[in-house]
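Participant: This one is data-v4.pdb, PDB, C-alpha atoms.
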```
ATOM      1  CA  MET A 314      16.737 -31.131  16.026
ATOM      2  CA  ARG A 315      18.612 -28.744  18.282
ATOM      3  CA  HIS A 316      18.641 -26.111  15.548
ATOM      4  CA  LEU A 317      14.911 -26.651  14.973
ATOM      5  CA  HIS A 318      14.256 -26.037  18.663
ATOM      6  CA  ASP A 319      16.468 -22.951  18.919
ATOM      7  CA  GLU A 320      15.307 -21.302  15.709
ATOM      8  CA  VAL A 321      11.669 -22.413  15.483
ATOM      9  CA  THR A 322       9.770 -24.213  18.242
ATOM     10  CA  SER A 323      11.257 -22.197  21.121
ATOM     11  CA  LYS A 324       9.843 -18.965  19.674
ATOM     12  CA  GLU A 325       6.942 -17.101  21.226
ATOM     13  CA  VAL A 326       4.677 -17.943  18.285
ATOM     14  CA  PHE A 327       4.282 -21.460  19.733
ATOM     15  CA  LYS A 328       3.216 -20.173  23.145
ATOM     16  CA  VAL A 329      -0.414 -21.282  22.759
ATOM     17  CA  ILE A 330       0.586 -24.824  21.746
ATOM     18  CA  LYS A 331       3.045 -25.015  24.643
ATOM     19  CA  GLU A 332       0.314 -24.018  27.073
ATOM     20  CA  THR A 333      -1.996 -26.650  25.560
ATOM     21  CA  TYR A 334       0.396 -29.620  25.566
ATOM     22  CA  GLU A 335       2.628 -28.557  28.473
ATOM     23  CA  GLU A 336       5.218 -31.302  29.114
ATOM     24  CA  LYS A 337       4.122 -33.177  25.981
ATOM     25  CA  PHE A 338       4.945 -30.217  23.746
ATOM     26  CA  ASN A 339       8.339 -31.480  22.541
ATOM     27  CA  SER A 340       7.062 -34.953  21.687
ATOM     28  CA  PHE A 341       4.050 -33.458  19.905
ATOM     29  CA  MET A 342       6.244 -31.184  17.782
ATOM     30  CA  SER A 343       8.692 -33.983  16.951
ATOM     31  CA  GLU A 344       5.766 -35.960  15.521
ATOM     32  CA  LYS A 345       4.724 -33.045  13.325
ATOM     33  CA  LEU A 346       8.058 -31.628  12.167
ATOM     34  CA  ILE A 347      10.987 -33.222  10.339
ATOM     35  CA  PRO A 348      13.925 -30.854   9.764
ATOM     36  CA  VAL A 349      15.728 -31.197   6.435
ATOM     37  CA  ALA A 350      18.996 -29.337   5.848
ATOM     38  CA  GLY A 351      19.127 -27.521   2.530
ATOM     39  CA  ASP A 352      19.455 -24.268   0.624
ATOM     40  CA  THR A 353      16.650 -22.781  -1.471
ATOM     41  CA  ALA A 354      19.222 -21.151  -3.768
ATOM     42  CA  LEU A 355      20.667 -24.519  -4.878
ATOM     43  CA  GLU A 356      19.469 -27.269  -7.192
ATOM     44  CA  ASN A 357      17.173 -29.784  -5.473
ATOM     45  CA  LEU A 358      16.992 -27.250  -2.611
ATOM     46  CA  GLY A 359      20.534 -28.218  -1.648
ATOM     47  CA  ILE A 360      19.382 -31.601  -0.303
ATOM     48  CA  GLY A 361      22.370 -33.869  -0.842
ATOM     49  CA  ASP A 362      20.820 -37.059   0.561
ATOM     50  CA  ALA A 363      19.342 -38.890  -2.445
ATOM     51  CA  LYS A 364      17.100 -41.068  -0.270
ATOM     52  CA  MET A 365      15.715 -38.000   1.479
ATOM     53  CA  ARG A 366      14.985 -36.372  -1.887
ATOM     54  CA  GLU A 367      13.134 -39.486  -3.051
ATOM     55  CA  LYS A 368      11.119 -39.599   0.171
ATOM     56  CA  ILE A 369      10.143 -35.944  -0.209
ATOM     57  CA  PHE A 370       9.143 -36.402  -3.869
ATOM     58  CA  ARG A 371       7.087 -39.450  -2.903
ATOM     59  CA  ASP A 372       5.396 -38.280   0.295
ATOM     60  CA  VAL A 373       5.003 -34.502  -0.002
ATOM     61  CA  ASP A 374       1.813 -33.212  -1.620
ATOM     62  CA  VAL A 375       2.245 -29.456  -1.138
ATOM     63  CA  VAL A 376       5.363 -27.295  -1.009
ATOM     64  CA  VAL A 377       5.000 -23.805   0.486
ATOM     65  CA  ASN A 378       7.889 -21.417  -0.082
ATOM     66  CA  PHE A 379       8.071 -18.384   2.215
ATOM     67  CA  ALA A 380      11.803 -17.834   1.798
ATOM     68  CA  ALA A 381      12.682 -14.196   1.148
ATOM     69  CA  THR A 382      15.015 -11.384   2.035
ATOM     70  CA  THR A 383      13.892  -7.832   2.719
ATOM     71  CA  ASN A 384      17.253  -6.237   2.005
ATOM     72  CA  PHE A 385      16.106  -3.150   0.094
ATOM     73  CA  ASN A 386      19.056  -2.392  -2.182
ATOM     74  CA  GLU A 387      18.426   0.750  -4.207
ATOM     75  CA  ARG A 388      20.479  -0.401  -7.208
ATOM     76  CA  ALA A 389      17.352  -2.023  -8.641
ATOM     77  CA  ARG A 390      16.092   1.494  -9.436
ATOM     78  CA  MET A 391      18.542   1.565 -12.319
ATOM     79  CA  PHE A 392      16.296  -0.996 -14.013
ATOM     80  CA  GLY A 393      13.024   0.713 -13.159
ATOM     81  CA  TRP A 394      12.172  -1.234  -9.986
ATOM     82  CA  PRO A 395      11.628   0.321  -6.529
ATOM     83  CA  ASN A 396      14.077  -2.064  -4.867
ATOM     84  CA  VAL A 397      15.749  -5.464  -5.193
ATOM     85  CA  TYR A 398      13.002  -7.126  -3.149
ATOM     86  CA  VAL A 399      10.199  -6.550  -5.670
ATOM     87  CA  PHE A 400      12.607  -6.986  -8.594
ATOM     88  CA  THR A 401      13.695 -10.484  -7.558
ATOM     89  CA  LYS A 402      10.125 -11.467  -6.676
ATOM     90  CA  ALA A 403       9.057 -10.607 -10.219
ATOM     91  CA  MET A 404      12.018 -12.520 -11.657
ATOM     92  CA  GLY A 405      11.131 -15.550  -9.544
ATOM     93  CA  GLU A 406       7.515 -15.527 -10.704
ATOM     94  CA  MET A 407       8.556 -15.261 -14.355
ATOM     95  CA  LEU A 408      11.030 -18.119 -13.954
ATOM     96  CA  ILE A 409       8.426 -20.331 -12.285
ATOM     97  CA  GLY A 410       5.894 -19.566 -14.999
ATOM     98  CA  GLU A 411       8.390 -20.461 -17.699
ATOM     99  CA  ARG A 412       9.639 -23.731 -16.228
ATOM    100  CA  ARG A 413       6.700 -25.115 -14.278
ATOM    101  CA  GLU A 414       5.417 -27.327 -17.145
ATOM    102  CA  ASN A 415       2.310 -29.093 -15.699
ATOM    103  CA  LEU A 416       3.172 -28.468 -12.059
ATOM    104  CA  PRO A 417       0.254 -26.657 -10.367
ATOM    105  CA  ILE A 418       1.460 -23.340  -9.002
ATOM    106  CA  ILE A 419      -0.296 -20.862  -6.713
ATOM    107  CA  ILE A 420       1.267 -17.489  -6.002
ATOM    108  CA  VAL A 421       0.066 -15.448  -3.038
ATOM    109  CA  ARG A 422       0.972 -11.770  -3.162
ATOM    110  CA  PRO A 423       0.319 -10.115   0.199
ATOM    111  CA  THR A 424       0.639  -6.384   0.687
ATOM    112  CA  ILE A 425       2.532  -4.994   3.712
ATOM    113  CA  VAL A 426       2.512  -7.834   6.262
ATOM    114  CA  THR A 427       2.322  -6.745   9.893
ATOM    115  CA  SER A 428       1.755  -8.374  13.280
ATOM    116  CA  THR A 429      -1.030 -10.875  13.832
ATOM    117  CA  ILE A 430      -4.591  -9.823  14.568
ATOM    118  CA  LYS A 431      -5.775 -13.050  16.220
ATOM    119  CA  GLU A 432      -3.629 -16.188  15.869
ATOM    120  CA  PRO A 433      -1.701 -17.472  17.711
ATOM    121  CA  PHE A 434      -2.415 -14.310  19.733
ATOM    122  CA  PRO A 435      -2.902 -10.632  18.858
ATOM    123  CA  GLY A 436       0.199  -8.568  18.160
ATOM    124  CA  TRP A 437       2.761 -11.322  17.551
ATOM    125  CA  VAL A 438       5.625 -10.386  15.261
ATOM    126  CA  GLU A 439       9.199 -11.605  15.008
ATOM    127  CA  GLY A 440      12.061  -9.496  13.774
ATOM    128  CA  VAL A 441      11.960  -6.004  12.313
ATOM    129  CA  LYS A 442      11.001  -5.962   8.646
ATOM    130  CA  THR A 443       9.507  -3.481   6.189
ATOM    131  CA  VAL A 444       7.041  -1.183   8.001
ATOM    132  CA  ASP A 445       8.071  -2.632  11.386
ATOM    133  CA  SER A 446      11.308  -0.619  11.095
ATOM    134  CA  TYR A 447       9.332   2.597  11.250
ATOM    135  CA  PHE A 448       7.373   1.539  14.338
ATOM    136  CA  ALA A 449      10.515   0.339  16.102
ATOM    137  CA  GLY A 450      12.383   3.531  15.266
ATOM    138  CA  PHE A 451       9.475   5.687  16.387
ATOM    139  CA  GLY A 452       9.013   3.798  19.665
ATOM    140  CA  LEU A 453      12.735   4.198  20.416
ATOM    141  CA  GLY A 454      12.520   7.935  19.794
ATOM    142  CA  LYS A 455      14.779   7.757  16.738
ATOM    143  CA  ILE A 456      12.133   8.757  14.176
ATOM    144  CA  THR A 457       9.856  11.751  14.602
ATOM    145  CA  PHE A 458       8.335  11.993  11.134
ATOM    146  CA  PHE A 459       6.611   9.988   8.444
ATOM    147  CA  LEU A 460       6.658  10.273   4.640
ATOM    148  CA  GLY A 461       3.367  10.190   2.782
ATOM    149  CA  SER A 462       0.237  12.165   2.079
ATOM    150  CA  SER A 463      -2.467  11.975   4.723
ATOM    151  CA  LYS A 464      -4.654  10.361   2.045
ATOM    152  CA  THR A 465      -2.072   7.796   0.967
ATOM    153  CA  ILE A 466      -3.421   4.305   1.625
ATOM    154  CA  MET A 467      -1.101   2.003   3.581
ATOM    155  CA  ASP A 468      -2.364  -1.412   2.580
ATOM    156  CA  VAL A 469      -1.229  -3.401   5.612
ATOM    157  CA  ILE A 470      -2.483  -6.886   6.470
ATOM    158  CA  PRO A 471      -1.962  -9.048   9.584
ATOM    159  CA  GLY A 472       0.369 -12.016   9.169
ATOM    160  CA  ASP A 473      -2.158 -14.616  10.307
ATOM    161  CA  MET A 474      -4.627 -13.466   7.637
ATOM    162  CA  VAL A 475      -1.937 -14.046   5.002
ATOM    163  CA  VAL A 476      -1.339 -17.555   6.337
ATOM    164  CA  ASN A 477      -5.073 -18.303   6.379
ATOM    165  CA  ALA A 478      -5.452 -17.053   2.797
ATOM    166  CA  THR A 479      -2.528 -19.228   1.721
ATOM    167  CA  MET A 480      -4.007 -22.357   3.310
ATOM    168  CA  ALA A 481      -7.413 -21.618   1.775
ATOM    169  CA  ALA A 482      -5.793 -21.312  -1.651
ATOM    170  CA  MET A 483      -3.982 -24.628  -1.164
ATOM    171  CA  VAL A 484      -7.228 -26.404  -0.277
ATOM    172  CA  ALA A 485      -9.162 -24.783  -3.118
ATOM    173  CA  HIS A 486      -6.671 -25.980  -5.718
ATOM    174  CA  GLY A 487      -5.597 -29.250  -4.140
ATOM    175  CA  ASP A 488      -7.785 -31.301  -6.483
ATOM    176  CA  LYS A 489      -6.539 -29.592  -9.658
ATOM    177  CA  PRO A 490      -3.166 -31.278 -10.255
ATOM    178  CA  ASN A 491      -2.818 -30.385 -13.946
ATOM    179  CA  SER A 492      -4.013 -26.805 -14.175
ATOM    180  CA  ARG A 493      -2.941 -24.977 -17.331
ATOM    181  CA  PHE A 494      -2.849 -21.680 -15.476
ATOM    182  CA  MET A 495      -0.657 -20.275 -12.735
ATOM    183  CA  ILE A 496      -3.106 -18.907 -10.147
ATOM    184  CA  ILE A 497      -2.210 -15.578  -8.501
ATOM    185  CA  TYR A 498      -3.998 -14.213  -5.429
ATOM    186  CA  GLN A 499      -3.606 -10.580  -4.377
ATOM    187  CA  VAL A 500      -4.037 -10.609  -0.593
ATOM    188  CA  GLY A 501      -4.627  -7.210   0.995
ATOM    189  CA  SER A 502      -6.902  -5.244   3.250
ATOM    190  CA  SER A 503     -10.391  -4.139   2.271
ATOM    191  CA  ASN A 504     -10.918  -0.917   0.331
ATOM    192  CA  ARG A 505     -14.078  -0.324   2.325
ATOM    193  CA  GLU A 506     -12.101   0.738   5.386
ATOM    194  CA  PRO A 507      -8.626   1.665   4.105
ATOM    195  CA  MET A 508      -5.688   2.454   6.358
ATOM    196  CA  TYR A 509      -4.313   5.939   5.614
ATOM    197  CA  CYS A 510      -0.846   7.265   6.449
ATOM    198  CA  SER A 511      -2.367   9.706   8.915
ATOM    199  CA  MET A 512      -3.971   6.806  10.768
ATOM    200  CA  ILE A 513      -0.693   4.857  10.911
ATOM    201  CA  LYS A 514       1.194   7.701  12.588
ATOM    202  CA  ASP A 515      -1.683   8.354  15.000
ATOM    203  CA  TYR A 516      -1.901   4.681  15.978
ATOM    204  CA  ALA A 517       1.859   4.538  16.498
ATOM    205  CA  TYR A 518       1.814   7.614  18.721
ATOM    206  CA  ASN A 519      -1.184   6.473  20.769
ATOM    207  CA  HIS A 520       0.352   3.043  21.351
ATOM    208  CA  PHE A 521       3.824   4.162  22.433
ATOM    209  CA  ALA A 522       2.442   7.073  24.466
ATOM    210  CA  LYS A 523       0.484   4.542  26.545
ATOM    211  CA  ASN A 524       3.075   1.733  26.318
ATOM    212  CA  PRO A 525       6.503   3.414  26.200
ATOM    213  CA  LEU A 526       9.630   1.404  25.512
ATOM    214  CA  MET A 527      12.545   1.483  27.930
ATOM    215  CA  SER A 528      15.963   2.858  26.998
ATOM    216  CA  LYS A 529      19.262   1.131  27.745
ATOM    217  CA  ASN A 530      19.690   3.219  30.890
ATOM    218  CA  GLY A 531      16.313   2.083  32.222
ATOM    219  CA  LYS A 532      14.302   5.213  31.455
ATOM    220  CA  LEU A 533      10.959   5.256  29.687
ATOM    221  CA  ILE A 534      11.166   6.739  26.189
ATOM    222  CA  LYS A 535       8.748   9.609  25.627
ATOM    223  CA  VAL A 536       7.508   9.917  22.052
ATOM    224  CA  VAL A 537       6.206  13.022  20.305
ATOM    225  CA  LYS A 538       3.500  13.222  17.672
ATOM    226  CA  PRO A 539       5.201  12.497  14.328
ATOM    227  CA  TYR A 540       5.097  15.025  11.518
ATOM    228  CA  CYS A 541       4.011  13.806   8.083
ATOM    229  CA  PHE A 542       5.994  15.007   5.049
ATOM    230  CA  THR A 543       3.959  14.908   1.855
ATOM    231  CA  SER A 544       6.892  14.668  -0.576
ATOM    232  CA  MET A 545      10.433  13.331  -0.700
ATOM    233  CA  ASN A 546      11.653  16.822  -1.595
ATOM    234  CA  SER A 547      10.239  18.364   1.587
ATOM    235  CA  LEU A 548      11.748  15.536   3.644
ATOM    236  CA  GLN A 549      15.164  16.022   2.034
ATOM    237  CA  ILE A 550      15.100  19.770   2.765
ATOM    238  CA  TYR A 551      14.263  19.012   6.406
ATOM    239  CA  MET A 552      17.066  16.427   6.683
ATOM    240  CA  ASP A 553      19.578  18.834   5.097
ATOM    241  CA  LEU A 554      18.691  21.765   7.349
ATOM    242  CA  LYS A 555      18.472  19.810  10.589
ATOM    243  CA  TYR A 556      21.171  17.153  10.107
ATOM    244  CA  ASN A 557      23.274  17.134   6.923
ATOM    245  CA  PHE A 558      24.395  20.787   6.877
ATOM    246  CA  PRO A 559      25.101  20.946  10.655
ATOM    247  CA  LEU A 560      27.096  17.697  10.391
ATOM    248  CA  LYS A 561      29.198  19.113   7.557
ATOM    249  CA  GLY A 562      29.841  22.223   9.640
ATOM    250  CA  LEU A 563      30.770  20.091  12.641
ATOM    251  CA  ARG A 564      33.202  18.043  10.554
ATOM    252  CA  LEU A 565      34.816  21.235   9.297
ATOM    253  CA  ALA A 566      35.133  22.591  12.840
ATOM    254  CA  TYR A 567      36.801  19.388  14.047
ATOM    255  CA  ALA A 568      39.175  19.529  11.071
ATOM    256  CA  ILE A 569      40.145  23.169  11.747
ATOM    257  CA  LEU A 570      40.695  22.454  15.455
ATOM    258  CA  ARG A 571      42.449  19.190  14.568
ATOM    259  CA  HIS A 572      40.316  17.282  17.022
ATOM    260  CA  ASP A 573      39.108  13.713  16.636
ATOM    261  CA  ASP A 574      35.316  13.481  16.840
ATOM    262  CA  GLY A 575      35.559   9.877  18.037
ATOM    263  CA  GLY A 576      33.408   8.677  15.163
ATOM    264  CA  PHE A 577      30.453  10.824  16.254
ATOM    265  CA  CYS A 578      29.933  12.479  12.851
ATOM    266  CA  THR A 579      30.269   9.196  10.982
ATOM    267  CA  ASP A 580      27.790   7.506  13.282
ATOM    268  CA  MET A 581      25.303  10.356  12.888
ATOM    269  CA  GLU A 582      25.691  10.308   9.103
ATOM    270  CA  HIS A 583      24.942   6.584   9.063
ATOM    271  CA  GLN A 584      21.803   7.184  11.125
ATOM    272  CA  VAL A 585      20.643   9.960   8.788
ATOM    273  CA  LYS A 586      21.210   7.738   5.740
ATOM    274  CA  PHE A 587      19.317   4.894   7.410
ATOM    275  CA  VAL A 588      16.303   7.081   8.226
ATOM    276  CA  THR A 589      16.262   8.541   4.705
ATOM    277  CA  LYS A 590      16.502   5.081   3.153
ATOM    278  CA  LEU A 591      13.712   3.852   5.413
ATOM    279  CA  ALA A 592      11.492   6.713   4.274
ATOM    280  CA  ILE A 593      12.220   6.038   0.585
ATOM    281  CA  ASN A 594      11.461   2.334   0.798
TER
END
```
Now, as a test, write the supplied structure out as C-alpha cells.
Facilitator:
Amino acid sequence: MRHLHDEVTSKEVFKVIKETYEEKFNSFMSEKLIPVAGDTALENLGIGDAKMREKIFRDVDVVVNFAATTNFNERARMFGWPNVYVFTKAMGEMLIGERRENLPIIIVRPTIVTSTIKEPFPGWVEGVKTVDSYFAGFGLGKITFFLGSSKTIMDVIPGDMVVNATMAAMVAHGDKPNSRFMIIYQVGSSNREPMYCSMIKDYAYNHFAKNPLMSKNGKLIKVVKPYCFTSMNSLQIYMDLKYNFPLKGLRLAYAILRHDDGGFCTDMEHQVKFVTKLAIN
C-alpha cells in the first residue's frame, strides 16, 4: 500500500478527488484500489499467488493494459520500422490476434498523447514523453528549432480524451463476450481543425514567453522564436556547422595543447546527439 501511495495516489492527478474527500481521501481510495504485485512481461502477469490469480480470473470483468515504454531505439529501422516503440506495439497486436481465441479484445490506438484538456484539470501531464521532450527542451532554452514542414499535421490528442474513448469502447463492447473480430479504434484529433507544425512552435513560444521556466540559478529563462527546418538534411547541415564541426575543432585544439577539457566536449556531443535523435523521432 505504501508503494501505491508513493507512486500513484499521491500524484497531482488525484488533486480534485483529494479536495472532494479531504480527510476521507485515503479510506476512499483504499476501497477502490487493490494493489497486486506482478510483471506484465511474465506469464500470468508475474502473479505468483495462486489464490490471487483465481480471484482475479473470477472477479475481474475488464482488463485494461496501458503498460508501455517510450524508449525510441533506432535499431528497429533495420527492419523497416521508425523505432522500437511502434515495432513492439505491432508485434504485440499480432500476438494478441493470434492467441486470443474467443477472448474479446479491443485495441485503442491514440496518436500523440499530450496533457489533459479538461479532466482532472487542464494541462496535467506526468513525466516527459514523446512530444513533451520538445516542449521541455524548448522551455529550458535547450532547443531553438523544430523539424517539420509548416503544413505537416501534428496529430496530438489530450490524455483525458484518450481515456474517455477507451472507457466508451469498453462499455460499447461489454455485452459482446464472444466477438469473432478484434476491434481497433484509431483515436486522434479532428481533420476539420488540424494542428500544424507551425502552430505547435508558435504555441510553445507564446506559452513560455508568458510563463518562463526558472533556471537552476534562479533566473527566468528567456526563449526565442524557434526556427522550423523542413528536412532532416537541412537540420543536419545546421547541426554540423554550428555544433559538430566546432566541437571537432575544439577537441583537436585541446589535444594539441595537451589540455583536459574536463568532459566539456563529450557532454556537448551527448547533447547534440540527444537533440538530433529527438528531432528524428
Participant: Compile the contact shell of A:Gly410 as a PyMOL selection string: residues with an atom at most 12 Å away, counting all atoms listed in the file, same-chain residues fewer than 2 positions apart removed.
Facilitator: chain A and resi 403-408+412-420+493-497
Participant: Write out as a list of chain:residue names the residues lying within 12 Å of A:His316, counting all atoms listed in the file and excluding same-chain residues fewer than 6 positions away.
Facilitator: A:Thr322, A:Ser323, A:Ile347, A:Pro348, A:Val349, A:Ala350
Participant: Convert the output of the PyMOL selection byres ((chain A and resi 455-465) around 8) on the shown file into explicit residues, formatted as a ChimeraX atom specification.
Facilitator: /A:447,450-454,466-467,509-511,514,537-545,548,588,592
Participant: From the set A:Phe379, A:Met508, A:Phe434, A:Lys402, which residue has the shortest atom-to-atom contact distance to A:Thr479, counting only C-alpha atoms?
Facilitator: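 So, comparing all the options, the nearest one is A:Phe379.
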Participant: Expanded to explicit residues, what is the PyMOL selection byres ((chain A and resi 339) around 12) for this file, as a PyMOL selection string?
Facilitator: chain A and resi 314-315+317-318+321-323+327+330-338+340-346
Participant: State, in Å with one decimal place, the distance from atom CA of A:Asp488 to atom CA of A:Lys368.
Facilitator: 21.7 Å
Participant: Extract, using all atoms listed in the file, all DNA, RNA and protein residues at most 9 Å from A:Thr589, discarding same-chain residues fewer than 5 positions from it, and format them as a list in words.
Facilitator: Leu548, Gln549, Met552, Gln584 and Asn594 of chain A
Participant: Find the residue from A:Asn557, A:Thr443, A:Leu570, A:Asn519 that sits nearest to A:Val585; use all atoms listed in the file when measuring.
Facilitator: A:Asn557
Participant: Have a look at atom CA of A:Val441 and atom CA of A:Thr427 and let me know their distance in Å, one decimal.
Facilitator: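 It comes out at 10.0 Å.
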Participant: On this file, the PyMOL selection byres ((chain A and resi 422) around 9) gives some set of residues; write that set as JSON, numbers by chain.
Facilitator: {"A": [420, 421, 423, 424, 475, 497, 498, 499, 500, 501]}
Participant: By how many Å are atom CA of A:Met581 and atom CA of A:Leu533 apart?
Facilitator: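 Computing it gives 22.7 Å between the two atoms.
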Participant: Return the single residue from A:Val375, A:Pro433, A:Ala380, A:Lys523 that is closest to A:Leu358, with distances computed using only C-alpha atoms.
Facilitator: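 Selected residue with least distance to A:Leu358: A:Ala380.
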Participant: Rank nothing, just name the residue among A:Asp372, A:Gly436, A:Phe448, A:Ala478 nearest to A:Phe521, using all atoms listed in the file.
Facilitator: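 Smallest separation from A:Phe521 among the options: A:Phe448.
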Participant: Kindly provide, as JSON, the centre and edge lengths (Å, one decimal) of an axis-aligned box around all atoms of stretch 354-367 of chain A given in the file, with 3 Å on each side.
Facilitator:
```
{"center_x": 17.8, "center_y": -31.1, "center_z": -2.9, "size_x": 15.2, "size_y": 25.9, "size_z": 14.7}
```
